[in-house]
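S.K.: Here you go, this is upload_18.txt (compact mmCIF, N, CA and C atoms).
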```
# COMPACT_ATOMS: atom_id res chain seq x y z
N GLN A 1 16.94 13.09 7.01
CA GLN A 1 15.55 12.79 6.74
C GLN A 1 15.46 11.54 5.86
N VAL A 2 14.69 10.56 6.34
CA VAL A 2 14.53 9.32 5.58
C VAL A 2 13.57 9.56 4.43
N GLN A 3 13.95 9.11 3.26
CA GLN A 3 13.08 9.19 2.09
C GLN A 3 13.02 7.84 1.39
N LEU A 4 11.83 7.49 0.95
CA LEU A 4 11.60 6.28 0.17
C LEU A 4 10.94 6.69 -1.14
N VAL A 5 11.52 6.28 -2.25
CA VAL A 5 11.00 6.67 -3.56
C VAL A 5 10.73 5.42 -4.38
N GLU A 6 9.45 5.17 -4.66
CA GLU A 6 9.06 4.00 -5.44
C GLU A 6 9.05 4.32 -6.93
N SER A 7 9.23 3.29 -7.72
CA SER A 7 9.12 3.40 -9.17
C SER A 7 8.78 2.03 -9.73
N GLY A 8 8.36 2.01 -11.00
CA GLY A 8 8.13 0.75 -11.68
C GLY A 8 6.67 0.37 -11.88
N GLY A 9 5.77 1.16 -11.32
CA GLY A 9 4.36 0.85 -11.51
C GLY A 9 3.92 1.11 -12.95
N GLY A 10 2.68 0.71 -13.25
CA GLY A 10 2.17 0.93 -14.60
C GLY A 10 0.96 0.09 -14.88
N LEU A 11 0.61 0.03 -16.15
CA LEU A 11 -0.54 -0.74 -16.63
C LEU A 11 -0.04 -2.01 -17.32
N VAL A 12 -0.60 -3.14 -16.92
CA VAL A 12 -0.19 -4.42 -17.49
C VAL A 12 -1.41 -5.31 -17.64
N GLN A 13 -1.36 -6.20 -18.61
CA GLN A 13 -2.46 -7.14 -18.79
C GLN A 13 -2.35 -8.28 -17.78
N ALA A 14 -3.48 -8.88 -17.48
CA ALA A 14 -3.50 -10.04 -16.59
C ALA A 14 -2.54 -11.10 -17.10
N GLY A 15 -1.79 -11.68 -16.18
CA GLY A 15 -0.78 -12.66 -16.54
C GLY A 15 0.60 -12.08 -16.75
N GLY A 16 0.67 -10.77 -16.83
CA GLY A 16 1.94 -10.10 -17.06
C GLY A 16 2.75 -9.91 -15.79
N SER A 17 3.87 -9.19 -15.95
CA SER A 17 4.80 -8.98 -14.84
C SER A 17 5.20 -7.51 -14.74
N LEU A 18 5.53 -7.11 -13.54
CA LEU A 18 6.11 -5.80 -13.26
C LEU A 18 7.13 -5.97 -12.14
N ARG A 19 8.12 -5.08 -12.14
CA ARG A 19 9.06 -5.03 -11.01
C ARG A 19 9.05 -3.63 -10.42
N LEU A 20 8.70 -3.57 -9.15
CA LEU A 20 8.72 -2.30 -8.42
C LEU A 20 10.07 -2.15 -7.72
N SER A 21 10.51 -0.90 -7.64
CA SER A 21 11.75 -0.57 -6.92
C SER A 21 11.45 0.50 -5.89
N CYS A 22 12.20 0.47 -4.80
CA CYS A 22 12.08 1.49 -3.76
C CYS A 22 13.49 1.86 -3.32
N ALA A 23 13.88 3.09 -3.62
CA ALA A 23 15.21 3.57 -3.25
C ALA A 23 15.11 4.35 -1.95
N ALA A 24 15.95 3.99 -0.99
CA ALA A 24 15.94 4.63 0.33
C ALA A 24 17.15 5.53 0.50
N SER A 25 16.95 6.60 1.25
CA SER A 25 18.05 7.50 1.60
C SER A 25 17.82 8.04 2.99
N GLY A 26 18.90 8.51 3.61
CA GLY A 26 18.79 9.11 4.92
C GLY A 26 18.71 8.13 6.06
N THR A 27 19.04 6.87 5.80
CA THR A 27 18.98 5.85 6.83
C THR A 27 20.03 4.79 6.54
N ILE A 28 20.37 4.00 7.57
CA ILE A 28 21.30 2.88 7.36
C ILE A 28 20.47 1.73 6.84
N PHE A 29 20.31 1.71 5.53
CA PHE A 29 19.36 0.82 4.86
C PHE A 29 19.57 -0.63 5.25
N SER A 30 20.80 -1.07 5.31
CA SER A 30 21.07 -2.50 5.50
C SER A 30 20.56 -3.02 6.84
N ARG A 31 20.34 -2.15 7.80
CA ARG A 31 19.89 -2.58 9.12
C ARG A 31 18.37 -2.63 9.26
N ASN A 32 17.68 -2.01 8.31
CA ASN A 32 16.23 -1.84 8.46
C ASN A 32 15.43 -2.93 7.79
N PRO A 33 14.33 -3.35 8.43
CA PRO A 33 13.38 -4.19 7.71
C PRO A 33 12.68 -3.34 6.66
N MET A 34 12.31 -3.96 5.56
CA MET A 34 11.63 -3.26 4.47
C MET A 34 10.35 -4.02 4.12
N GLY A 35 9.37 -3.28 3.62
CA GLY A 35 8.13 -3.93 3.26
C GLY A 35 7.43 -3.25 2.10
N TRP A 36 6.57 -4.00 1.47
CA TRP A 36 5.66 -3.48 0.45
C TRP A 36 4.23 -3.69 0.93
N TYR A 37 3.43 -2.66 0.80
CA TYR A 37 2.02 -2.70 1.13
C TYR A 37 1.25 -2.20 -0.09
N ARG A 38 -0.05 -2.45 -0.09
CA ARG A 38 -0.88 -1.94 -1.18
C ARG A 38 -2.24 -1.52 -0.67
N GLN A 39 -2.84 -0.60 -1.41
CA GLN A 39 -4.18 -0.13 -1.06
C GLN A 39 -5.00 0.02 -2.33
N ALA A 40 -6.05 -0.77 -2.41
CA ALA A 40 -6.98 -0.69 -3.53
C ALA A 40 -8.07 0.32 -3.19
N PRO A 41 -8.74 0.86 -4.21
CA PRO A 41 -9.82 1.84 -3.95
C PRO A 41 -10.89 1.27 -3.03
N GLY A 42 -11.21 2.02 -1.99
CA GLY A 42 -12.25 1.62 -1.07
C GLY A 42 -11.85 0.55 -0.07
N LYS A 43 -10.57 0.18 -0.07
CA LYS A 43 -10.10 -0.86 0.84
C LYS A 43 -8.99 -0.33 1.73
N GLN A 44 -8.74 -1.06 2.82
CA GLN A 44 -7.65 -0.69 3.71
C GLN A 44 -6.31 -1.10 3.13
N ARG A 45 -5.29 -0.40 3.57
CA ARG A 45 -3.93 -0.77 3.16
C ARG A 45 -3.60 -2.13 3.76
N GLU A 46 -2.96 -2.98 2.94
CA GLU A 46 -2.65 -4.33 3.39
C GLU A 46 -1.20 -4.69 3.09
N LEU A 47 -0.68 -5.59 3.92
CA LEU A 47 0.68 -6.07 3.73
C LEU A 47 0.77 -6.93 2.48
N VAL A 48 1.82 -6.73 1.71
CA VAL A 48 2.09 -7.58 0.56
C VAL A 48 3.28 -8.50 0.87
N ALA A 49 4.41 -7.90 1.28
CA ALA A 49 5.61 -8.69 1.55
C ALA A 49 6.56 -7.88 2.41
N THR A 50 7.36 -8.59 3.20
CA THR A 50 8.39 -7.95 4.00
C THR A 50 9.70 -8.72 3.88
N ILE A 51 10.79 -8.00 4.17
CA ILE A 51 12.10 -8.63 4.17
C ILE A 51 12.90 -8.03 5.31
N THR A 52 13.54 -8.88 6.10
CA THR A 52 14.32 -8.40 7.23
C THR A 52 15.72 -7.98 6.78
N SER A 53 16.47 -7.42 7.71
CA SER A 53 17.85 -7.05 7.39
C SER A 53 18.68 -8.28 7.03
N GLY A 54 18.30 -9.42 7.55
CA GLY A 54 19.02 -10.66 7.26
C GLY A 54 18.54 -11.38 6.01
N GLY A 55 17.47 -10.86 5.40
CA GLY A 55 16.99 -11.44 4.16
C GLY A 55 15.81 -12.40 4.29
N SER A 56 15.30 -12.57 5.51
CA SER A 56 14.12 -13.41 5.68
C SER A 56 12.90 -12.70 5.12
N THR A 57 12.04 -13.46 4.44
CA THR A 57 10.89 -12.87 3.77
C THR A 57 9.58 -13.42 4.30
N ASN A 58 8.54 -12.62 4.09
CA ASN A 58 7.19 -13.00 4.48
C ASN A 58 6.23 -12.44 3.44
N TYR A 59 5.20 -13.23 3.09
CA TYR A 59 4.28 -12.82 2.04
C TYR A 59 2.83 -12.97 2.48
N ALA A 60 1.98 -12.12 1.95
CA ALA A 60 0.54 -12.32 2.09
C ALA A 60 0.16 -13.58 1.31
N ASP A 61 -0.82 -14.29 1.81
CA ASP A 61 -1.24 -15.53 1.15
C ASP A 61 -1.65 -15.27 -0.31
N SER A 62 -2.23 -14.11 -0.55
CA SER A 62 -2.76 -13.80 -1.88
C SER A 62 -1.67 -13.64 -2.93
N VAL A 63 -0.41 -13.45 -2.52
CA VAL A 63 0.66 -13.22 -3.50
C VAL A 63 1.74 -14.31 -3.45
N LYS A 64 1.63 -15.23 -2.52
CA LYS A 64 2.64 -16.29 -2.41
C LYS A 64 2.76 -17.05 -3.71
N GLY A 65 3.99 -17.29 -4.12
CA GLY A 65 4.24 -18.02 -5.36
C GLY A 65 4.22 -17.15 -6.60
N ARG A 66 3.76 -15.90 -6.47
CA ARG A 66 3.70 -15.00 -7.62
C ARG A 66 4.63 -13.79 -7.46
N PHE A 67 4.76 -13.31 -6.23
CA PHE A 67 5.57 -12.12 -5.95
C PHE A 67 6.84 -12.52 -5.21
N THR A 68 7.92 -11.77 -5.46
CA THR A 68 9.17 -11.99 -4.75
C THR A 68 9.75 -10.65 -4.31
N ILE A 69 10.02 -10.54 -3.01
CA ILE A 69 10.67 -9.35 -2.48
C ILE A 69 12.15 -9.63 -2.34
N SER A 70 12.97 -8.63 -2.65
CA SER A 70 14.42 -8.78 -2.51
C SER A 70 15.02 -7.42 -2.20
N ARG A 71 16.27 -7.43 -1.77
CA ARG A 71 16.92 -6.17 -1.44
C ARG A 71 18.36 -6.18 -1.92
N ASP A 72 18.85 -5.00 -2.28
CA ASP A 72 20.24 -4.82 -2.67
C ASP A 72 20.80 -3.74 -1.74
N ASN A 73 21.51 -4.16 -0.71
CA ASN A 73 21.99 -3.20 0.28
C ASN A 73 23.04 -2.25 -0.30
N ALA A 74 23.76 -2.68 -1.32
CA ALA A 74 24.75 -1.81 -1.95
C ALA A 74 24.08 -0.65 -2.67
N LYS A 75 22.84 -0.86 -3.12
CA LYS A 75 22.10 0.18 -3.83
C LYS A 75 21.02 0.82 -2.98
N ASN A 76 20.92 0.41 -1.71
CA ASN A 76 19.87 0.95 -0.82
C ASN A 76 18.49 0.82 -1.45
N THR A 77 18.24 -0.32 -2.07
CA THR A 77 17.01 -0.50 -2.83
C THR A 77 16.35 -1.84 -2.49
N VAL A 78 15.04 -1.81 -2.39
CA VAL A 78 14.25 -3.02 -2.23
C VAL A 78 13.37 -3.16 -3.47
N TYR A 79 13.16 -4.41 -3.87
CA TYR A 79 12.40 -4.69 -5.09
C TYR A 79 11.20 -5.57 -4.78
N LEU A 80 10.20 -5.49 -5.65
CA LEU A 80 9.08 -6.41 -5.61
C LEU A 80 8.84 -6.88 -7.05
N GLN A 81 9.22 -8.13 -7.31
CA GLN A 81 8.97 -8.74 -8.61
C GLN A 81 7.58 -9.35 -8.57
N MET A 82 6.73 -8.92 -9.48
CA MET A 82 5.34 -9.37 -9.49
C MET A 82 5.07 -10.11 -10.80
N ASN A 83 4.78 -11.38 -10.70
CA ASN A 83 4.49 -12.22 -11.86
C ASN A 83 3.05 -12.71 -11.80
N SER A 84 2.56 -13.18 -12.93
CA SER A 84 1.20 -13.72 -13.01
C SER A 84 0.19 -12.76 -12.39
N LEU A 85 0.29 -11.52 -12.77
CA LEU A 85 -0.56 -10.49 -12.17
C LEU A 85 -2.03 -10.72 -12.50
N LYS A 86 -2.87 -10.37 -11.53
CA LYS A 86 -4.32 -10.53 -11.64
C LYS A 86 -4.98 -9.16 -11.49
N PRO A 87 -6.19 -8.99 -12.02
CA PRO A 87 -6.88 -7.70 -11.85
C PRO A 87 -7.02 -7.30 -10.38
N GLU A 88 -7.15 -8.28 -9.50
CA GLU A 88 -7.28 -7.96 -8.07
C GLU A 88 -5.99 -7.47 -7.44
N ASP A 89 -4.89 -7.49 -8.18
CA ASP A 89 -3.64 -6.91 -7.70
C ASP A 89 -3.59 -5.40 -7.94
N THR A 90 -4.58 -4.88 -8.64
CA THR A 90 -4.64 -3.44 -8.92
C THR A 90 -4.72 -2.65 -7.61
N ALA A 91 -3.78 -1.73 -7.42
CA ALA A 91 -3.72 -0.96 -6.18
C ALA A 91 -2.57 0.04 -6.30
N VAL A 92 -2.51 0.94 -5.32
CA VAL A 92 -1.32 1.75 -5.13
C VAL A 92 -0.39 0.97 -4.20
N TYR A 93 0.83 0.79 -4.61
CA TYR A 93 1.81 0.04 -3.84
C TYR A 93 2.75 1.00 -3.13
N TYR A 94 2.93 0.75 -1.83
CA TYR A 94 3.74 1.62 -0.99
C TYR A 94 4.93 0.85 -0.41
N CYS A 95 6.05 1.51 -0.37
CA CYS A 95 7.25 1.00 0.28
C CYS A 95 7.25 1.48 1.74
N ASN A 96 7.75 0.65 2.63
CA ASN A 96 7.72 0.95 4.06
C ASN A 96 9.01 0.50 4.72
N THR A 97 9.44 1.26 5.73
CA THR A 97 10.56 0.83 6.53
C THR A 97 10.42 1.36 7.95
N VAL A 98 11.13 0.76 8.85
CA VAL A 98 11.28 1.25 10.22
C VAL A 98 12.77 1.44 10.47
N ASP A 99 13.12 2.68 10.81
CA ASP A 99 14.52 2.96 11.11
C ASP A 99 14.86 2.34 12.46
N VAL A 100 15.80 1.41 12.46
CA VAL A 100 16.08 0.68 13.70
C VAL A 100 16.75 1.56 14.75
N ARG A 101 17.29 2.71 14.34
CA ARG A 101 17.91 3.59 15.32
C ARG A 101 16.87 4.42 16.07
N THR A 102 15.86 4.91 15.35
CA THR A 102 14.87 5.81 15.94
C THR A 102 13.52 5.15 16.18
N HIS A 103 13.33 3.97 15.56
CA HIS A 103 12.06 3.22 15.61
C HIS A 103 10.91 3.96 14.94
N ARG A 104 11.24 4.93 14.12
CA ARG A 104 10.21 5.65 13.39
C ARG A 104 9.91 4.91 12.09
N GLU A 105 8.65 5.00 11.71
CA GLU A 105 8.18 4.32 10.50
C GLU A 105 8.08 5.34 9.36
N TYR A 106 8.44 4.89 8.15
CA TYR A 106 8.40 5.77 7.00
C TYR A 106 7.70 5.07 5.83
N TRP A 107 7.05 5.91 5.02
CA TRP A 107 6.34 5.42 3.83
C TRP A 107 6.80 6.19 2.60
N GLY A 108 6.78 5.51 1.46
CA GLY A 108 6.98 6.19 0.20
C GLY A 108 5.69 6.83 -0.26
N GLN A 109 5.75 7.46 -1.42
CA GLN A 109 4.60 8.18 -1.93
C GLN A 109 3.63 7.27 -2.67
N GLY A 110 4.07 6.07 -2.99
CA GLY A 110 3.20 5.10 -3.67
C GLY A 110 3.38 5.11 -5.17
N THR A 111 3.14 3.96 -5.77
CA THR A 111 3.17 3.83 -7.22
C THR A 111 1.98 2.98 -7.65
N GLN A 112 1.30 3.45 -8.69
CA GLN A 112 0.05 2.79 -9.12
C GLN A 112 0.37 1.57 -9.98
N VAL A 113 -0.28 0.47 -9.66
CA VAL A 113 -0.24 -0.74 -10.48
C VAL A 113 -1.66 -1.05 -10.91
N THR A 114 -1.86 -1.14 -12.21
CA THR A 114 -3.18 -1.45 -12.76
C THR A 114 -3.07 -2.67 -13.65
N VAL A 115 -3.88 -3.67 -13.35
CA VAL A 115 -3.88 -4.92 -14.12
C VAL A 115 -5.22 -5.04 -14.83
N SER A 116 -5.16 -5.06 -16.14
CA SER A 116 -6.39 -5.16 -16.93
C SER A 116 -6.71 -6.62 -17.25
N SER A 117 -8.00 -6.89 -17.35
CA SER A 117 -8.44 -8.28 -17.61
C SER A 117 -8.57 -8.54 -19.09
```
Show me, as structure tokens, the structure contained in the file I just sent.
M.R.:
Amino acid sequence: QVQLVESGGGLVQAGGSLRLSCAASGTIFSRNPMGWYRQAPGKQRELVATITSGGSTNYADSVKGRFTISRDNAKNTVYLQMNSLKPEDTAVYYCNTVDVRTHREYWGQGTQVTVSS
């Protein structure tokens, strides 16, 4: 059973930084694309950043230059470094993957990020 467990969320002032982590188990992590999504109250879930098995990255325009996604295949963990945080970054952040063997999609339970002005 694939499991994704996020951590690192919290309350931070505008301009501050947080690093989110997502630990994966039950899958061959190094082969899977990984992603971070977020959902603010009353809004749809949206893509934040993705990283392929080869390390290629993609970012939403709203976070380019401020957020960095990375992965450590030895630790089965993907990270999201968030700098220069803004109140509009406030949301629940979810980790996502697709198991390349089964093509099934999996989500973590989410971690709350709150940015105060």
S.K.: Kindly give the distance, in Å, that separates atom CA of A:Tyr94 and atom CA of A:Asn73, rounded to a single decimal.
M.R.: 18.9 Å
S.K.: I want to know what sits within 10 Å of A:Val98, based on only C-alpha atoms, with residues of the same chain fewer than 3 positions away left out; could you give that as JSON, numbers by chain?
M.R.: {"A": [2, 27, 29, 31, 32, 33, 34, 35, 101, 102, 103, 104, 105, 106, 107]}
S.K.: Find the residues around A:Ala14 up to 6 Å (only N, CA and C atoms counted), leave out those fewer than 2 positions away in its own chain, and share them as a ChimeraX atom specification.
M.R.: /A:12,16,84-87,115-117
S.K.: If you count only N, CA and C atoms, which residues fall within 8 Å of A:Arg38, apart from same-chain ones fewer than 5 positions away, as a PyMOL selection string?
M.R.: chain A and resi 43-49+90-95
S.K.: Around the point (6.2, -15.7, -1.7) (coordinates from the file), which residues reach within 12 Å if we count only C-alpha atoms? Answer as a PDB file with N, CA and C atoms, in the coordinates of the input.
M.R.:
```
ATOM      1  N   VAL A  48       1.820  -6.730   1.710  1.00  0.00           N
ATOM      2  CA  VAL A  48       2.090  -7.580   0.560  1.00  0.00           C
ATOM      3  C   VAL A  48       3.280  -8.500   0.870  1.00  0.00           C
ATOM      4  N   ALA A  49       4.410  -7.900   1.280  1.00  0.00           N
ATOM      5  CA  ALA A  49       5.610  -8.690   1.550  1.00  0.00           C
ATOM      6  C   ALA A  49       6.560  -7.880   2.410  1.00  0.00           C
ATOM      7  N   THR A  50       7.360  -8.590   3.200  1.00  0.00           N
ATOM      8  CA  THR A  50       8.390  -7.950   4.000  1.00  0.00           C
ATOM      9  C   THR A  50       9.700  -8.720   3.880  1.00  0.00           C
ATOM     10  N   ILE A  51      10.790  -8.000   4.170  1.00  0.00           N
ATOM     11  CA  ILE A  51      12.100  -8.630   4.170  1.00  0.00           C
ATOM     12  C   ILE A  51      12.900  -8.030   5.310  1.00  0.00           C
ATOM     13  N   SER A  56      15.300 -12.570   5.510  1.00  0.00           N
ATOM     14  CA  SER A  56      14.120 -13.410   5.680  1.00  0.00           C
ATOM     15  C   SER A  56      12.900 -12.700   5.120  1.00  0.00           C
ATOM     16  N   THR A  57      12.040 -13.460   4.440  1.00  0.00           N
ATOM     17  CA  THR A  57      10.890 -12.870   3.770  1.00  0.00           C
ATOM     18  C   THR A  57       9.580 -13.420   4.300  1.00  0.00           C
ATOM     19  N   ASN A  58       8.540 -12.620   4.090  1.00  0.00           N
ATOM     20  CA  ASN A  58       7.190 -13.000   4.480  1.00  0.00           C
ATOM     21  C   ASN A  58       6.230 -12.440   3.440  1.00  0.00           C
ATOM     22  N   TYR A  59       5.200 -13.230   3.090  1.00  0.00           N
ATOM     23  CA  TYR A  59       4.280 -12.820   2.040  1.00  0.00           C
ATOM     24  C   TYR A  59       2.830 -12.970   2.480  1.00  0.00           C
ATOM     25  N   ALA A  60       1.980 -12.120   1.950  1.00  0.00           N
ATOM     26  CA  ALA A  60       0.540 -12.320   2.090  1.00  0.00           C
ATOM     27  C   ALA A  60       0.160 -13.580   1.310  1.00  0.00           C
ATOM     28  N   ASP A  61      -0.820 -14.290   1.810  1.00  0.00           N
ATOM     29  CA  ASP A  61      -1.240 -15.530   1.150  1.00  0.00           C
ATOM     30  C   ASP A  61      -1.650 -15.270  -0.310  1.00  0.00           C
ATOM     31  N   SER A  62      -2.230 -14.110  -0.550  1.00  0.00           N
ATOM     32  CA  SER A  62      -2.760 -13.800  -1.880  1.00  0.00           C
ATOM     33  C   SER A  62      -1.670 -13.640  -2.930  1.00  0.00           C
ATOM     34  N   VAL A  63      -0.410 -13.450  -2.520  1.00  0.00           N
ATOM     35  CA  VAL A  63       0.660 -13.220  -3.500  1.00  0.00           C
ATOM     36  C   VAL A  63       1.740 -14.310  -3.450  1.00  0.00           C
ATOM     37  N   LYS A  64       1.630 -15.230  -2.520  1.00  0.00           N
ATOM     38  CA  LYS A  64       2.640 -16.290  -2.410  1.00  0.00           C
ATOM     39  C   LYS A  64       2.760 -17.050  -3.710  1.00  0.00           C
ATOM     40  N   GLY A  65       3.990 -17.290  -4.120  1.00  0.00           N
ATOM     41  CA  GLY A  65       4.240 -18.020  -5.360  1.00  0.00           C
ATOM     42  C   GLY A  65       4.220 -17.150  -6.600  1.00  0.00           C
ATOM     43  N   ARG A  66       3.760 -15.900  -6.470  1.00  0.00           N
ATOM     44  CA  ARG A  66       3.700 -15.000  -7.620  1.00  0.00           C
ATOM     45  C   ARG A  66       4.630 -13.790  -7.460  1.00  0.00           C
ATOM     46  N   PHE A  67       4.760 -13.310  -6.230  1.00  0.00           N
ATOM     47  CA  PHE A  67       5.570 -12.120  -5.950  1.00  0.00           C
ATOM     48  C   PHE A  67       6.840 -12.520  -5.210  1.00  0.00           C
ATOM     49  N   THR A  68       7.920 -11.770  -5.460  1.00  0.00           N
ATOM     50  CA  THR A  68       9.170 -11.990  -4.750  1.00  0.00           C
ATOM     51  C   THR A  68       9.750 -10.650  -4.310  1.00  0.00           C
ATOM     52  N   ILE A  69      10.020 -10.540  -3.010  1.00  0.00           N
ATOM     53  CA  ILE A  69      10.670  -9.350  -2.480  1.00  0.00           C
ATOM     54  C   ILE A  69      12.150  -9.630  -2.340  1.00  0.00           C
ATOM     55  N   SER A  70      12.970  -8.630  -2.650  1.00  0.00           N
ATOM     56  CA  SER A  70      14.420  -8.780  -2.510  1.00  0.00           C
ATOM     57  C   SER A  70      15.020  -7.420  -2.200  1.00  0.00           C
ATOM     58  N   LEU A  80      10.200  -5.490  -5.650  1.00  0.00           N
ATOM     59  CA  LEU A  80       9.080  -6.410  -5.610  1.00  0.00           C
ATOM     60  C   LEU A  80       8.840  -6.880  -7.050  1.00  0.00           C
ATOM     61  N   GLN A  81       9.220  -8.130  -7.310  1.00  0.00           N
ATOM     62  CA  GLN A  81       8.970  -8.740  -8.610  1.00  0.00           C
ATOM     63  C   GLN A  81       7.580  -9.350  -8.570  1.00  0.00           C
ATOM     64  N   MET A  82       6.730  -8.920  -9.480  1.00  0.00           N
ATOM     65  CA  MET A  82       5.340  -9.370  -9.490  1.00  0.00           C
ATOM     66  C   MET A  82       5.070 -10.110 -10.800  1.00  0.00           C
ATOM     67  N   ASN A  83       4.780 -11.380 -10.700  1.00  0.00           N
ATOM     68  CA  ASN A  83       4.490 -12.220 -11.860  1.00  0.00           C
ATOM     69  C   ASN A  83       3.050 -12.710 -11.800  1.00  0.00           C
TER      70      ASN A  83
END
```
S.K.: Measuring between only N, CA and C atoms, which one of A:Ser53, A:Val113, A:Gly9, A:Gln3 shows the shortest distance to A:Asp89?
M.R.: A:Val113
S.K.: Enter the distance from atom N of A:Ala40 to atom C of A:Val5, in Å, rounded to one decimal.
M.R.: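 Atom-to-atom, atom N of A:Ala40 and atom C of A:Val5 are spaced 18.0 Å apart.
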S.K.: Can you work out which one of A:Trp36, A:Gln112, A:Ser7, A:Gly42 has the shortest atom-to-atom distance to A:Ala23, counting only N, CA and C atoms?
M.R.: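 So, comparing all the options, the nearest one is A:Ser7.
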S.K.: Could you tell me which of A:Ser30, A:Thr77, A:Arg71, A:Glu88 comes closest to A:Val100 if we count only C-alpha atoms?
M.R.: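 The answer is A:Ser30, which sits nearest to A:Val100.
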S.K.: To one decimal place in Å, what is the distance between atom C of A:Val78 and atom C of A:Pro41?
M.R.: 24.7 Å
S.K.: To test your reading of the structure, identify every residue in stretch 7-116 of chain A that backbone DSSP assigns to strand (DSSP E or B), and report it as a PyMOL selection string.
M.R.: chain A and resi 7+10-13+18-25+34-39+46-51+57-59+67-72+77-82+91-98+105-107+111-116
S.K.: Pick out the closest residue to A:Arg19 from this set: A:Glu6, A:Tyr79, A:Gly108, A:Gly54. Count only C-alpha atoms.
M.R.: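 For A:Arg19, the nearest of the given residues is A:Tyr79.
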S.K.: When DSSP is applied to the backbone of this structure, which of chain A are assigned helix (DSSP H, G or I)? Write them out as an mmCIF file with N, CA and C atoms, keeping the file's coordinate frame.
M.R.:
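So the final result, stored in states11.cif, reads:
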```
data_model
loop_
_atom_site.group_PDB
_atom_site.id
_atom_site.type_symbol
_atom_site.label_atom_id
_atom_site.label_comp_id
_atom_site.auth_asym_id
_atom_site.auth_seq_id
_atom_site.Cartn_x
_atom_site.Cartn_y
_atom_site.Cartn_z
ATOM 1 N N PHE A 29 20.310 1.710 5.530
ATOM 2 C CA PHE A 29 19.360 0.820 4.860
ATOM 3 C C PHE A 29 19.570 -0.630 5.250
ATOM 4 N N SER A 30 20.800 -1.070 5.310
ATOM 5 C CA SER A 30 21.070 -2.500 5.500
ATOM 6 C C SER A 30 20.560 -3.020 6.840
ATOM 7 N N ARG A 31 20.340 -2.150 7.800
ATOM 8 C CA ARG A 31 19.890 -2.580 9.120
ATOM 9 C C ARG A 31 18.370 -2.630 9.260
ATOM 10 N N PRO A 87 -6.190 -8.990 -12.020
ATOM 11 C CA PRO A 87 -6.880 -7.700 -11.850
ATOM 12 C C PRO A 87 -7.020 -7.300 -10.380
ATOM 13 N N GLU A 88 -7.150 -8.280 -9.500
ATOM 14 C CA GLU A 88 -7.280 -7.960 -8.070
ATOM 15 C C GLU A 88 -5.990 -7.470 -7.440
ATOM 16 N N ASP A 89 -4.890 -7.490 -8.180
ATOM 17 C CA ASP A 89 -3.640 -6.910 -7.700
ATOM 18 C C ASP A 89 -3.590 -5.400 -7.940
#
```
S.K.: If I only have part of stretch 12-16 of chain A, can you fill in all heavy atoms and write it as a PDB file, in the coordinates of the input?
M.R.:
```
ATOM      1  N   VAL A  12      -0.600  -3.140 -16.920  1.00  0.00           N
ATOM      2  CA  VAL A  12      -0.190  -4.420 -17.490  1.00  0.00           C
ATOM      3  C   VAL A  12      -1.410  -5.310 -17.640  1.00  0.00           C
ATOM      4  O   VAL A  12      -2.383  -5.175 -16.878  1.00  0.00           O
ATOM      5  CB  VAL A  12       0.884  -5.077 -16.590  1.00  0.00           C
ATOM      6  CG1 VAL A  12       0.325  -5.416 -15.227  1.00  0.00           C
ATOM      7  CG2 VAL A  12       1.502  -6.285 -17.263  1.00  0.00           C
ATOM      8  N   GLN A  13      -1.360  -6.200 -18.610  1.00  0.00           N
ATOM      9  CA  GLN A  13      -2.460  -7.140 -18.790  1.00  0.00           C
ATOM     10  C   GLN A  13      -2.350  -8.280 -17.780  1.00  0.00           C
ATOM     11  O   GLN A  13      -1.258  -8.603 -17.289  1.00  0.00           O
ATOM     12  CB  GLN A  13      -2.451  -7.703 -20.208  1.00  0.00           C
ATOM     13  CG  GLN A  13      -2.864  -6.712 -21.272  1.00  0.00           C
ATOM     14  CD  GLN A  13      -3.019  -7.364 -22.632  1.00  0.00           C
ATOM     15  OE1 GLN A  13      -2.367  -8.360 -22.933  1.00  0.00           O
ATOM     16  NE2 GLN A  13      -3.895  -6.806 -23.464  1.00  0.00           N
ATOM     17  N   ALA A  14      -3.480  -8.880 -17.480  1.00  0.00           N
ATOM     18  CA  ALA A  14      -3.500 -10.040 -16.590  1.00  0.00           C
ATOM     19  C   ALA A  14      -2.540 -11.100 -17.100  1.00  0.00           C
ATOM     20  O   ALA A  14      -2.468 -11.358 -18.315  1.00  0.00           O
ATOM     21  CB  ALA A  14      -4.906 -10.591 -16.478  1.00  0.00           C
ATOM     22  N   GLY A  15      -1.790 -11.680 -16.180  1.00  0.00           N
ATOM     23  CA  GLY A  15      -0.780 -12.660 -16.540  1.00  0.00           C
ATOM     24  C   GLY A  15       0.600 -12.080 -16.750  1.00  0.00           C
ATOM     25  O   GLY A  15       1.584 -12.826 -16.854  1.00  0.00           O
ATOM     26  N   GLY A  16       0.670 -10.770 -16.830  1.00  0.00           N
ATOM     27  CA  GLY A  16       1.940 -10.100 -17.060  1.00  0.00           C
ATOM     28  C   GLY A  16       2.750  -9.910 -15.790  1.00  0.00           C
ATOM     29  O   GLY A  16       2.374 -10.381 -14.713  1.00  0.00           O
TER      30      GLY A  16
END
```
